[in-house]
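File shown: data.cif. Contents: mmCIF, C-alpha atoms and all ligand atoms.
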data_run
#
loop_
_atom_site.label_atom_id
_atom_site.label_comp_id
_atom_site.auth_asym_id
_atom_site.auth_seq_id
_atom_site.Cartn_x
_atom_site.Cartn_y
_atom_site.Cartn_z
CA MET A 1 13.58 -16.33 -16.46
CA ARG A 2 12.27 -18.39 -19.41
CA PRO A 3 13.10 -17.00 -22.84
CA ILE A 4 10.33 -14.81 -24.27
CA SER A 5 8.54 -16.54 -27.13
CA GLY A 6 5.52 -16.00 -29.34
CA ARG A 7 3.40 -17.66 -26.67
CA THR A 8 4.60 -15.62 -23.67
CA GLY A 9 1.68 -14.12 -21.73
CA LEU A 10 1.74 -10.47 -20.69
CA LEU A 11 1.24 -8.80 -17.30
CA GLY A 12 2.36 -5.35 -16.25
CA VAL A 13 2.00 -2.15 -14.27
CA ILE A 14 0.72 1.24 -15.42
CA GLY A 15 1.73 4.56 -13.88
CA ASP A 16 3.12 7.98 -14.66
CA PRO A 17 5.99 8.12 -13.91
CA ILE A 18 6.74 4.40 -13.75
CA GLY A 19 10.56 4.35 -13.91
CA HIS A 20 11.04 3.69 -10.19
CA THR A 21 8.57 0.82 -9.84
CA LEU A 22 9.86 -2.28 -8.04
CA SER A 23 6.92 -4.41 -9.15
CA PRO A 24 8.69 -6.01 -12.16
CA VAL A 25 11.50 -7.20 -9.86
CA MET A 26 9.25 -9.16 -7.52
CA HIS A 27 6.64 -10.31 -10.02
CA ASN A 28 9.15 -11.64 -12.55
CA ALA A 29 11.05 -13.42 -9.74
CA ALA A 30 7.88 -15.23 -8.65
CA ILE A 31 6.90 -16.01 -12.27
CA ALA A 32 10.37 -17.48 -12.90
CA GLU A 33 10.19 -19.61 -9.76
CA LEU A 34 6.94 -21.16 -10.97
CA GLY A 35 8.38 -21.69 -14.47
CA LEU A 36 5.45 -19.85 -16.08
CA ASP A 37 5.62 -18.51 -19.64
CA LEU A 38 4.71 -14.96 -18.57
CA VAL A 39 6.45 -11.61 -18.37
CA TYR A 40 5.55 -8.57 -16.21
CA LEU A 41 6.41 -5.22 -17.81
CA PRO A 42 6.29 -1.52 -16.83
CA PHE A 43 3.97 0.56 -19.04
CA PRO A 44 4.28 4.36 -18.84
CA VAL A 45 0.73 5.64 -19.38
CA ALA A 46 -0.02 9.39 -19.23
CA PRO A 47 -3.43 10.30 -17.73
CA GLU A 48 -4.85 11.38 -21.10
CA ASN A 49 -3.95 7.95 -22.56
CA LEU A 50 -5.52 5.79 -19.86
CA ALA A 51 -8.68 4.81 -21.79
CA ALA A 52 -6.66 4.12 -24.95
CA ALA A 53 -4.19 1.99 -22.98
CA LEU A 54 -7.03 -0.10 -21.57
CA GLN A 55 -8.43 -0.70 -25.05
CA GLY A 56 -4.95 -1.57 -26.30
CA PHE A 57 -4.43 -4.02 -23.45
CA ALA A 58 -7.72 -5.74 -24.37
CA GLY A 59 -6.59 -5.82 -28.00
CA ILE A 60 -3.31 -7.56 -27.22
CA GLY A 61 -4.80 -9.90 -24.62
CA LEU A 62 -2.97 -8.66 -21.52
CA LEU A 63 -3.90 -10.99 -18.64
CA GLY A 64 -3.90 -8.35 -15.95
CA PHE A 65 -2.00 -5.38 -14.59
CA SER A 66 -1.14 -3.36 -11.51
CA VAL A 67 -2.21 0.27 -11.24
CA THR A 68 -0.18 2.96 -9.54
CA ILE A 69 -0.16 6.75 -9.22
CA PRO A 70 -1.92 8.67 -10.80
CA HIS A 71 -4.43 6.12 -12.17
CA LYS A 72 -5.78 4.35 -9.06
CA GLN A 73 -9.00 6.39 -8.95
CA ALA A 74 -9.26 7.47 -12.58
CA ILE A 75 -9.38 3.89 -13.85
CA MET A 76 -12.46 2.93 -11.82
CA PRO A 77 -15.18 4.20 -14.21
CA LEU A 78 -13.36 2.61 -17.16
CA LEU A 79 -13.59 -0.93 -15.74
CA ASP A 80 -16.37 -3.47 -16.27
CA GLU A 81 -16.55 -4.29 -12.55
CA VAL A 82 -14.98 -3.06 -9.32
CA SER A 83 -14.81 -5.18 -6.14
CA ALA A 84 -16.50 -4.10 -2.91
CA VAL A 85 -13.14 -3.58 -1.18
CA ALA A 86 -11.88 -1.33 -4.01
CA GLN A 87 -15.12 0.65 -3.87
CA ALA A 88 -14.76 1.10 -0.10
CA ILE A 89 -11.15 2.23 -0.48
CA GLY A 90 -12.05 4.34 -3.51
CA ALA A 91 -9.12 3.07 -5.55
CA VAL A 92 -8.07 0.11 -7.72
CA ASN A 93 -4.50 -1.23 -7.67
CA THR A 94 -5.06 -4.56 -9.49
CA VAL A 95 -6.96 -5.30 -12.70
CA CYS A 96 -7.72 -8.81 -14.01
CA ARG A 97 -9.09 -9.80 -17.40
CA THR A 98 -12.14 -12.00 -16.84
CA GLY A 99 -14.96 -13.39 -18.97
CA ARG A 100 -16.93 -10.27 -17.97
CA GLY A 101 -14.20 -7.84 -19.08
CA TRP A 102 -11.78 -5.85 -16.89
CA SER A 103 -12.28 -6.49 -13.19
CA GLY A 104 -10.64 -4.12 -10.67
CA THR A 105 -9.82 -4.74 -7.03
CA ASN A 106 -7.51 -3.41 -4.34
CA THR A 107 -4.95 -5.63 -2.58
CA ASP A 108 -3.35 -2.84 -0.48
CA ALA A 109 -5.59 -3.32 2.60
CA GLU A 110 -4.88 -7.05 2.66
CA GLY A 111 -1.17 -6.35 2.13
CA PHE A 112 -1.22 -3.82 4.97
CA LEU A 113 -2.88 -6.37 7.29
CA ALA A 114 -0.45 -9.22 6.59
CA PRO A 115 2.20 -8.26 9.22
CA LEU A 116 -0.50 -7.40 11.82
CA LEU A 117 -2.62 -10.55 11.66
CA PRO A 118 0.05 -12.90 13.12
CA LEU A 119 0.14 -10.67 16.25
CA LYS A 120 -3.32 -12.07 17.08
CA ARG A 121 -4.36 -9.06 19.19
CA ASP A 122 -7.85 -8.05 20.16
CA TRP A 123 -8.12 -4.53 18.78
CA ARG A 124 -11.72 -3.83 19.84
CA GLN A 125 -10.71 -1.52 22.71
CA ALA A 126 -7.63 -0.23 20.88
CA THR A 127 -6.92 3.02 19.03
CA ALA A 128 -5.14 3.36 15.68
CA VAL A 129 -3.62 6.71 14.72
CA ILE A 130 -3.04 7.17 10.99
CA LEU A 131 -0.90 9.99 9.57
CA GLY A 132 -1.98 11.33 6.17
CA ASN A 133 -5.20 11.25 4.16
CA GLY A 134 -4.05 10.09 0.72
CA GLY A 135 -4.58 6.86 -1.21
CA ALA A 136 -2.54 4.63 1.09
CA ALA A 137 -4.35 6.00 4.16
CA ARG A 138 -7.64 4.80 2.62
CA ALA A 139 -6.31 1.23 2.43
CA VAL A 140 -5.03 1.52 6.01
CA VAL A 141 -8.44 2.69 7.26
CA ALA A 142 -10.09 -0.25 5.45
CA GLY A 143 -7.58 -2.61 7.07
CA CYS A 144 -8.04 -1.12 10.56
CA ALA A 145 -11.82 -1.35 10.17
CA GLN A 146 -11.43 -5.01 9.25
CA LEU A 147 -9.35 -5.59 12.39
CA GLY A 148 -12.19 -4.06 14.42
CA PHE A 149 -10.30 -1.15 15.99
CA GLY A 150 -12.41 0.67 18.59
CA GLN A 151 -11.08 4.03 17.40
CA ILE A 152 -9.46 4.97 14.09
CA GLN A 153 -8.05 8.49 14.36
CA LEU A 154 -6.78 10.02 11.13
CA VAL A 155 -4.49 13.06 11.19
CA GLY A 156 -4.03 15.43 8.24
CA ARG A 157 -2.96 18.96 7.42
CA SER A 158 -5.85 20.09 5.22
CA PRO A 159 -9.23 20.64 7.00
CA GLU A 160 -11.06 20.36 3.66
CA LYS A 161 -9.43 17.04 2.75
CA LEU A 162 -10.01 15.70 6.27
CA ALA A 163 -13.70 16.59 6.11
CA ALA A 164 -14.04 14.96 2.67
CA PHE A 165 -12.21 11.86 3.94
CA ARG A 166 -14.59 11.53 6.90
CA GLN A 167 -17.63 11.97 4.66
CA SER A 168 -16.43 9.23 2.33
CA TRP A 169 -16.79 6.61 5.14
CA PRO A 170 -20.32 7.41 6.39
CA ALA A 171 -20.92 3.99 7.97
CA LEU A 172 -17.61 3.76 9.86
CA SER A 173 -18.50 5.17 13.27
CA SER A 174 -15.05 4.40 14.75
CA LEU A 175 -13.37 6.86 12.34
CA SER A 176 -12.56 10.43 13.39
CA VAL A 177 -10.34 13.05 11.73
CA HIS A 178 -7.99 15.46 13.49
CA PRO A 179 -5.61 18.33 12.76
CA TRP A 180 -1.90 17.67 13.03
CA GLU A 181 -1.73 19.91 16.17
CA ASN A 182 -3.65 17.24 18.17
CA LEU A 183 -1.19 14.49 17.32
CA ALA A 184 0.78 14.37 20.63
CA GLU A 185 -2.45 13.93 22.58
CA LEU A 186 -3.72 11.22 20.25
CA LEU A 187 -0.44 9.26 20.32
CA ALA A 188 -0.55 8.81 24.10
CA ASN A 189 -3.42 6.30 23.69
CA ALA A 190 -2.42 4.67 20.40
CA ALA A 191 -1.87 0.92 20.13
CA LEU A 192 -0.99 1.32 16.44
CA VAL A 193 0.55 4.32 14.67
CA VAL A 194 0.73 4.24 10.87
CA ASN A 195 2.71 6.67 8.73
CA SER A 196 0.93 6.91 5.39
CA THR A 197 2.65 10.15 4.35
CA PRO A 198 5.85 10.21 2.27
CA ILE A 199 7.71 12.04 5.09
CA GLY A 200 11.00 10.18 5.59
CA MET A 201 11.03 8.52 2.18
CA SER A 202 14.35 8.37 0.34
CA PRO A 203 16.02 10.77 -0.56
CA GLN A 204 14.49 12.74 2.38
CA SER A 205 15.69 9.97 4.68
CA GLU A 206 16.50 12.24 7.65
CA ALA A 207 12.92 13.48 7.94
CA SER A 208 10.39 12.11 10.42
CA PRO A 209 6.65 12.80 10.60
CA LEU A 210 6.90 13.03 14.43
CA ARG A 211 8.45 15.94 16.29
CA PRO A 212 10.30 15.16 19.58
CA ALA A 213 7.29 16.05 21.77
CA GLU A 214 5.08 13.74 19.70
CA LEU A 215 7.63 10.96 19.67
CA GLN A 216 7.80 11.02 23.47
CA GLN A 217 4.15 10.01 23.59
CA ILE A 218 4.89 6.67 21.89
CA GLN A 219 4.53 3.97 24.53
CA PRO A 220 6.63 0.80 24.74
CA GLU A 221 4.78 -1.98 22.87
CA THR A 222 2.95 0.52 20.66
CA ILE A 223 3.18 -0.75 17.09
CA VAL A 224 4.68 1.87 14.78
CA TYR A 225 4.10 0.93 11.15
CA ASP A 226 5.72 3.01 8.39
CA LEU A 227 4.40 2.28 4.89
CA ILE A 228 7.67 3.58 3.44
CA TYR A 229 10.03 0.80 2.27
CA SER A 230 13.07 2.89 1.35
CA PRO A 231 15.14 3.58 3.40
CA ARG A 232 14.93 0.57 5.71
CA PRO A 233 14.50 1.44 8.52
CA THR A 234 13.11 4.96 8.23
CA GLN A 235 14.02 7.70 10.67
CA LEU A 236 10.57 7.26 12.28
CA LEU A 237 11.13 3.54 12.88
CA GLN A 238 14.62 4.15 14.30
CA GLN A 239 13.19 6.71 16.72
CA ALA A 240 10.23 4.50 17.65
CA ALA A 241 12.49 1.51 18.33
CA LEU A 242 14.47 3.63 20.80
CA GLN A 243 11.17 4.30 22.60
CA GLY A 244 10.63 0.54 22.91
CA ALA A 245 7.95 0.36 20.21
CA VAL A 246 7.35 -2.63 17.94
CA THR A 247 8.25 -1.51 14.40
CA ILE A 248 7.04 -2.64 10.97
CA ASP A 249 8.20 -1.17 7.66
CA GLY A 250 6.50 -1.02 4.27
CA LEU A 251 8.38 -3.83 2.53
CA GLU A 252 6.04 -6.56 3.72
CA MET A 253 2.95 -4.66 2.58
CA LEU A 254 4.55 -4.13 -0.83
CA VAL A 255 5.38 -7.83 -1.14
CA GLN A 256 2.04 -9.09 0.17
CA GLN A 257 -0.16 -6.83 -1.97
CA GLY A 258 1.88 -7.95 -4.99
CA ALA A 259 1.64 -11.64 -4.11
CA ILE A 260 -2.14 -11.39 -3.75
CA ALA A 261 -2.38 -9.68 -7.16
CA LEU A 262 -0.15 -12.24 -8.90
CA THR A 263 -2.15 -15.08 -7.35
CA LEU A 264 -5.31 -13.56 -8.86
CA TRP A 265 -3.74 -13.37 -12.34
CA ILE A 266 -2.14 -16.82 -12.45
CA HIS A 267 -4.82 -18.72 -10.45
CA GLN A 268 -2.20 -20.37 -8.25
CA PRO A 269 -0.30 -19.23 -5.14
CA ALA A 270 2.67 -16.94 -5.80
CA SER A 271 5.68 -17.33 -3.50
CA VAL A 272 5.75 -14.48 -0.99
CA GLU A 273 9.24 -15.57 0.06
CA VAL A 274 10.63 -15.40 -3.50
CA MET A 275 9.11 -11.95 -3.96
CA ARG A 276 10.46 -10.74 -0.60
CA GLN A 277 13.96 -12.08 -1.31
CA SER A 278 14.02 -10.53 -4.79
CA LEU A 279 13.34 -7.09 -3.31
CA LEU A 280 15.88 -7.56 -0.51
CA ALA A 281 18.49 -8.56 -3.12
CA HIS A 282 17.53 -5.51 -5.20
CA PHE A 283 18.00 -3.18 -2.21
CA ALA A 284 21.28 -4.83 -1.24
CA GLN A 285 22.59 -4.36 -4.79
CA LYS A 286 21.66 -0.67 -4.75
CA SER A 287 23.22 0.16 -1.36
P1 LIG B 301 -0.66 10.33 -1.54
O1 LIG B 301 -1.96 9.85 -2.03
O2 LIG B 301 0.10 11.39 -2.27
O3 LIG B 301 -0.91 10.85 -0.01
C1 LIG B 301 0.13 11.39 0.76
C2 LIG B 301 -0.46 11.97 2.05
O4 LIG B 301 0.63 12.48 2.83
C3 LIG B 301 -1.42 13.12 1.83
O5 LIG B 301 -2.47 13.05 2.77
C4 LIG B 301 -0.56 14.35 2.11
O6 LIG B 301 -1.25 15.44 2.64
C5 LIG B 301 0.36 13.82 3.20
N1 LIG B 301 1.61 14.58 3.24
C6 LIG B 301 2.55 14.64 2.28
N2 LIG B 301 3.57 15.44 2.69
C7 LIG B 301 3.23 15.88 3.92
C8 LIG B 301 3.86 16.73 4.87
N3 LIG B 301 5.05 17.28 4.63
N4 LIG B 301 3.24 16.97 6.05
C9 LIG B 301 2.02 16.39 6.31
N5 LIG B 301 1.38 15.58 5.45
C10 LIG B 301 1.98 15.31 4.28
O7 LIG B 301 0.37 9.14 -1.38
P2 LIG B 301 0.03 7.61 -0.99
O8 LIG B 301 -0.16 6.81 -2.22
O9 LIG B 301 -1.04 7.64 0.03
O10 LIG B 301 1.42 7.13 -0.35
C11 LIG B 301 1.85 7.59 0.90
C12 LIG B 301 3.11 6.85 1.33
O11 LIG B 301 2.82 5.46 1.50
C13 LIG B 301 4.25 6.93 0.33
O12 LIG B 301 5.46 7.05 1.02
C14 LIG B 301 4.20 5.59 -0.39
O13 LIG B 301 5.47 5.17 -0.84
C15 LIG B 301 3.73 4.68 0.74
N6 LIG B 301 3.04 3.49 0.23
C16 LIG B 301 3.56 2.28 0.50
C17 LIG B 301 2.91 1.13 0.06
C18 LIG B 301 3.50 -0.21 0.37
O14 LIG B 301 3.10 -1.20 -0.26
N7 LIG B 301 4.39 -0.32 1.33
C19 LIG B 301 1.71 1.23 -0.67
C20 LIG B 301 1.18 2.51 -0.93
C21 LIG B 301 1.87 3.64 -0.47
P3 LIG B 301 -2.18 16.39 1.71
O15 LIG B 301 -3.34 15.53 1.30
O16 LIG B 301 -2.56 17.50 2.61
O17 LIG B 301 -1.32 16.79 0.56
#
Show how you would write the structure in this file as structure tokens.
Amino acid sequence: MRPISGRTGLLGVIGDPIGHTLSPVMHNAAIAELGLDLVYLPFPVAPENLAAALQGFAGIGLLGFSVTIPHKQAIMPLLDEVSAVAQAIGAVNTVCRTGRGWSGTNTDAEGFLAPLLPLKRDWRQATAVILGNGGAARAVVAGCAQLGFGQIQLVGRSPEKLAAFRQSWPALSSLSVHPWENLAELLANAALVVNSTPIGMSPQSEASPLRPAELQQIQPETIVYDLIYSPRPTQLLQQAALQGAVTIDGLEMLVQQGAIALTLWIHQPASVEVMRQSLLAHFAQKS
């Protein structure tokens, strides 16, 4: 990394808590590779300080920042503009300073799609089954809609949240919501299964969102995509691989959504490979 000077530009990530973020690892690696005089920092921002933080960032000329839990929705009314994709998802994960003020977008759907696009499949007759109805699930639904899935079936545990989720996508006729009890039946026809719950995330690494009867419904060649990136692989992906499924973990989505954001801030392509390798090195060091 270049030494920090009086001219070093600032980027960062806001969240609460923020201590476990991996974003500085990959962003600073890509910045260093390009030899840019920039630094990407973690900023702990409590919910009640969000508006003040935004004003402060404008005051010190921050170039842009990532947004993580719990600010992805709350920041939207505080921004000067919000992209169509972020409005559809209902959350902002990337903010850029522009001539028009703070501009928010969401790079999670594009990040989610990155490992699926090279498969070059025709999804129009296919069914996607998505587990969970939180923020990440919204990006996954946006991504699946973009791929043109014939059916997008979302499974959750709260009838109220499921109903609200369905209502928030009025124009998406392919989307249906289902209770967890219907999961085994839904999985039998799924071409893509996405875990967008935290079940199986470290330190609960032994947990899986699928019970044995549900797992048995996974067909060979079904794509099982777990958004979790620690541990690698998750229990779900280990089980799915034994069933002959194609497996994808969350590392690539993390890297790709970050690379898209950095490219927006620095107006030149960020190296996906450098960002990926920096995270792999980080995980190797920790294990
Ligand atoms: P979130 O907004 O908190 O949503 C979590 C969802 O999981 C909610 O729908 C929740 O259900 C459901 N859930 C949690 N525990 C459950 C359980 N025991 N049984 C059934 N459902 C359960 O979180 P998020 O931001 O969407 O993140 C979800 C996961 O995706 C996390 O593991 C996160 O690390 C991962 N993620 C990865 C990336 C990446 O780049 N790879 C990006 C974003 C997120 P209720 O609504 O009923 O509580």
Sorted by chain and rising residue number, which residues of segment 85-121 of chain A lie within 10 Å of segment 164-170 of chain A, and what are their closest atom pairs and distances in Å to one decimal, counting all atoms listed in the file, as JSON lines?
{"residue": "A:Ala88", "atom": "CA", "partner": "A:Trp169", "partner_atom": "CA", "distance": 7.9}
{"residue": "A:Ile89", "atom": "CA", "partner": "A:Trp169", "partner_atom": "CA", "distance": 9.1}
{"residue": "A:Gly90", "atom": "CA", "partner": "A:Ser168", "partner_atom": "CA", "distance": 8.8}
Output C-alpha atoms of each residue in that selection to a file, as an mmCIF file, in the frame of the given file.
data_model
loop_
_atom_site.group_PDB
_atom_site.id
_atom_site.type_symbol
_atom_site.label_atom_id
_atom_site.label_comp_id
_atom_site.auth_asym_id
_atom_site.auth_seq_id
_atom_site.Cartn_x
_atom_site.Cartn_y
_atom_site.Cartn_z
ATOM 1 C CA ALA A 88 -14.760 1.100 -0.100
ATOM 2 C CA ILE A 89 -11.150 2.230 -0.480
ATOM 3 C CA GLY A 90 -12.050 4.340 -3.510
#
TODO: Residues within 10 Å of ligand LIG 301 (chain B) should be enumerated using all atoms listed in the file and returned as a ChimeraX atom specification.
DONE: /A:68-70,72,93,107-109,111-112,131-140,154-162,165,180,194-202,207-210,225-230,249-258
Open item on the list: Using all atoms listed in the file, can you tell me which of A:Leu10, A:Val67, A:Ala281, A:Leu54 comes closest to Leu38 of chain A?
Closed with: A:Leu10
TODO: Report the distance between atom CA of Leu79 of chain A and atom CA of Leu34 of chain A in Å, rounded to one decimal place.
DONE: 29.2 Å
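Ranking A:Leu262, A:Ala114, A:Ala52, A:Ala213 by their shortest atom-to-atom distance to Glu181 of chain A, with only C-alpha atoms included, puts A:Ala213 first.
For Thr105 of chain A, the residues within 8 Å (counting only C-alpha atoms, excluding itself and residues fewer than 5 positions away along the chain) are Val82, Ser83, Ala84, Val85, Ala86, Ala91, Val92, Asn93, Thr94 and Val95 of chain A.
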Open item on the list: What's around segment 241-243 of chain A at 12 Å? Count all atoms listed in the file, leave out sequence neighbours fewer than 5 positions away in its own chain, and write the answer as a list in words.
Closed with: Pro212, Glu214, Leu215, Gln216, Gln217, Ile218, Gln219, Pro220, Glu221, Thr222, Ile223, Val224, Tyr225, Pro233, Thr234, Gln235, Leu236, Ile248 and Asp249 of chain A
Take the residues that were just selected and, keeping C-alpha atoms, output them as a compact mmCIF listing (two decimals), in the coordinates of the input.
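Contents of result.txt, freshly written:
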# COMPACT_ATOMS: atom_id res chain seq x y z
CA PRO A 212 10.30 15.16 19.58
CA GLU A 214 5.08 13.74 19.70
CA LEU A 215 7.63 10.96 19.67
CA GLN A 216 7.80 11.02 23.47
CA GLN A 217 4.15 10.01 23.59
CA ILE A 218 4.89 6.67 21.89
CA GLN A 219 4.53 3.97 24.53
CA PRO A 220 6.63 0.80 24.74
CA GLU A 221 4.78 -1.98 22.87
CA THR A 222 2.95 0.52 20.66
CA ILE A 223 3.18 -0.75 17.09
CA VAL A 224 4.68 1.87 14.78
CA TYR A 225 4.10 0.93 11.15
CA PRO A 233 14.50 1.44 8.52
CA THR A 234 13.11 4.96 8.23
CA GLN A 235 14.02 7.70 10.67
CA LEU A 236 10.57 7.26 12.28
CA ILE A 248 7.04 -2.64 10.97
CA ASP A 249 8.20 -1.17 7.66
How close does each residue of segment 73-130 of chain A get to segment 186-191 of chain A, giving the shortest atom pair and distance in Å to one decimal for every residue with an atom at most 12 Å away, counting only C-alpha atoms, sorted by chain and residue number, as JSON lines?
{"residue": "A:Leu116", "atom": "CA", "partner": "A:Ala191", "partner_atom": "CA", "distance": 11.8}
{"residue": "A:Arg121", "atom": "CA", "partner": "A:Ala191", "partner_atom": "CA", "distance": 10.3}
{"residue": "A:Asp122", "atom": "CA", "partner": "A:Ala191", "partner_atom": "CA", "distance": 10.8}
{"residue": "A:Trp123", "atom": "CA", "partner": "A:Ala191", "partner_atom": "CA", "distance": 8.4}
{"residue": "A:Arg124", "atom": "CA", "partner": "A:Ala191", "partner_atom": "CA", "distance": 10.9}
{"residue": "A:Gln125", "atom": "CA", "partner": "A:Ala191", "partner_atom": "CA", "distance": 9.5}
{"residue": "A:Ala126", "atom": "CA", "partner": "A:Ala191", "partner_atom": "CA", "distance": 5.9}
{"residue": "A:Thr127", "atom": "CA", "partner": "A:Ala190", "partner_atom": "CA", "distance": 5.0}
{"residue": "A:Ala128", "atom": "CA", "partner": "A:Ala190", "partner_atom": "CA", "distance": 5.6}
{"residue": "A:Val129", "atom": "CA", "partner": "A:Ala190", "partner_atom": "CA", "distance": 6.2}
{"residue": "A:Ile130", "atom": "CA", "partner": "A:Ala190", "partner_atom": "CA", "distance": 9.8}
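Coordinates place atom CA of Ser174 of chain A at a distance of 7.4 Å from atom CA of Phe149 of chain A.
The space separating atom CA of Gly104 of chain A from atom CA of Ile152 of chain A comes to 26.4 Å.
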Show me, as a short mmCIF file (atom, residue, chain, number, x, y, z; two decimals) with C-alpha atoms, in the coordinates of the input, the residues that have an atom within 12 Å of Pro24 of chain A when counting only C-alpha atoms, minus same-chain residues fewer than 2 positions from it.
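Output file around.cif follows:
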data_model
loop_
_atom_site.label_atom_id
_atom_site.label_comp_id
_atom_site.auth_asym_id
_atom_site.auth_seq_id
_atom_site.Cartn_x
_atom_site.Cartn_y
_atom_site.Cartn_z
CA LEU A 10 1.74 -10.47 -20.69
CA LEU A 11 1.24 -8.80 -17.30
CA GLY A 12 2.36 -5.35 -16.25
CA VAL A 13 2.00 -2.15 -14.27
CA ILE A 14 0.72 1.24 -15.42
CA ILE A 18 6.74 4.40 -13.75
CA GLY A 19 10.56 4.35 -13.91
CA HIS A 20 11.04 3.69 -10.19
CA THR A 21 8.57 0.82 -9.84
CA LEU A 22 9.86 -2.28 -8.04
CA MET A 26 9.25 -9.16 -7.52
CA HIS A 27 6.64 -10.31 -10.02
CA ASN A 28 9.15 -11.64 -12.55
CA ALA A 29 11.05 -13.42 -9.74
CA ALA A 30 7.88 -15.23 -8.65
CA ILE A 31 6.90 -16.01 -12.27
CA ALA A 32 10.37 -17.48 -12.90
CA LEU A 38 4.71 -14.96 -18.57
CA VAL A 39 6.45 -11.61 -18.37
CA TYR A 40 5.55 -8.57 -16.21
CA LEU A 41 6.41 -5.22 -17.81
CA PRO A 42 6.29 -1.52 -16.83
CA PHE A 43 3.97 0.56 -19.04
CA PHE A 65 -2.00 -5.38 -14.59
CA SER A 66 -1.14 -3.36 -11.51
CA VAL A 255 5.38 -7.83 -1.14
CA GLY A 258 1.88 -7.95 -4.99
CA LEU A 262 -0.15 -12.24 -8.90
CA MET A 275 9.11 -11.95 -3.96
CA SER A 278 14.02 -10.53 -4.79
CA LEU A 279 13.34 -7.09 -3.31
CA HIS A 282 17.53 -5.51 -5.20
#
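For the residues A:Val246, A:Ala58, A:Leu183, A:Ala145, ranking by smallest atom-to-atom distance to Leu119 of chain A using all atoms listed in the file places A:Val246 first.
Excluding Asp37 of chain A and any residue on its chain fewer than 2 positions from it, the residues at most 8 Å away by only C-alpha atoms are A:Arg2, A:Ile4, A:Arg7, A:Thr8, A:Gly9, A:Ile31, A:Gly35, A:Val39.
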Open item on the list: Just want the 9 Å neighbourhood of Val45 of chain A, counted on all atoms listed in the file, with same-chain residues fewer than 4 positions away dropped. Output as a PyMOL selection string.
Closed with: chain A and resi 14-18+49-50+53+71
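Minimum atom-to-atom distance to Glu273 of chain A, evaluated using all atoms listed in the file, belongs to A:Glu33 out of A:Glu33, A:Arg97, A:Gly6, A:Glu81.
Proximity ranking of A:Val193, A:Ser287, A:Ile260, A:Pro269 relative to Ala245 of chain A places A:Val193 first, based on all atoms listed in the file.
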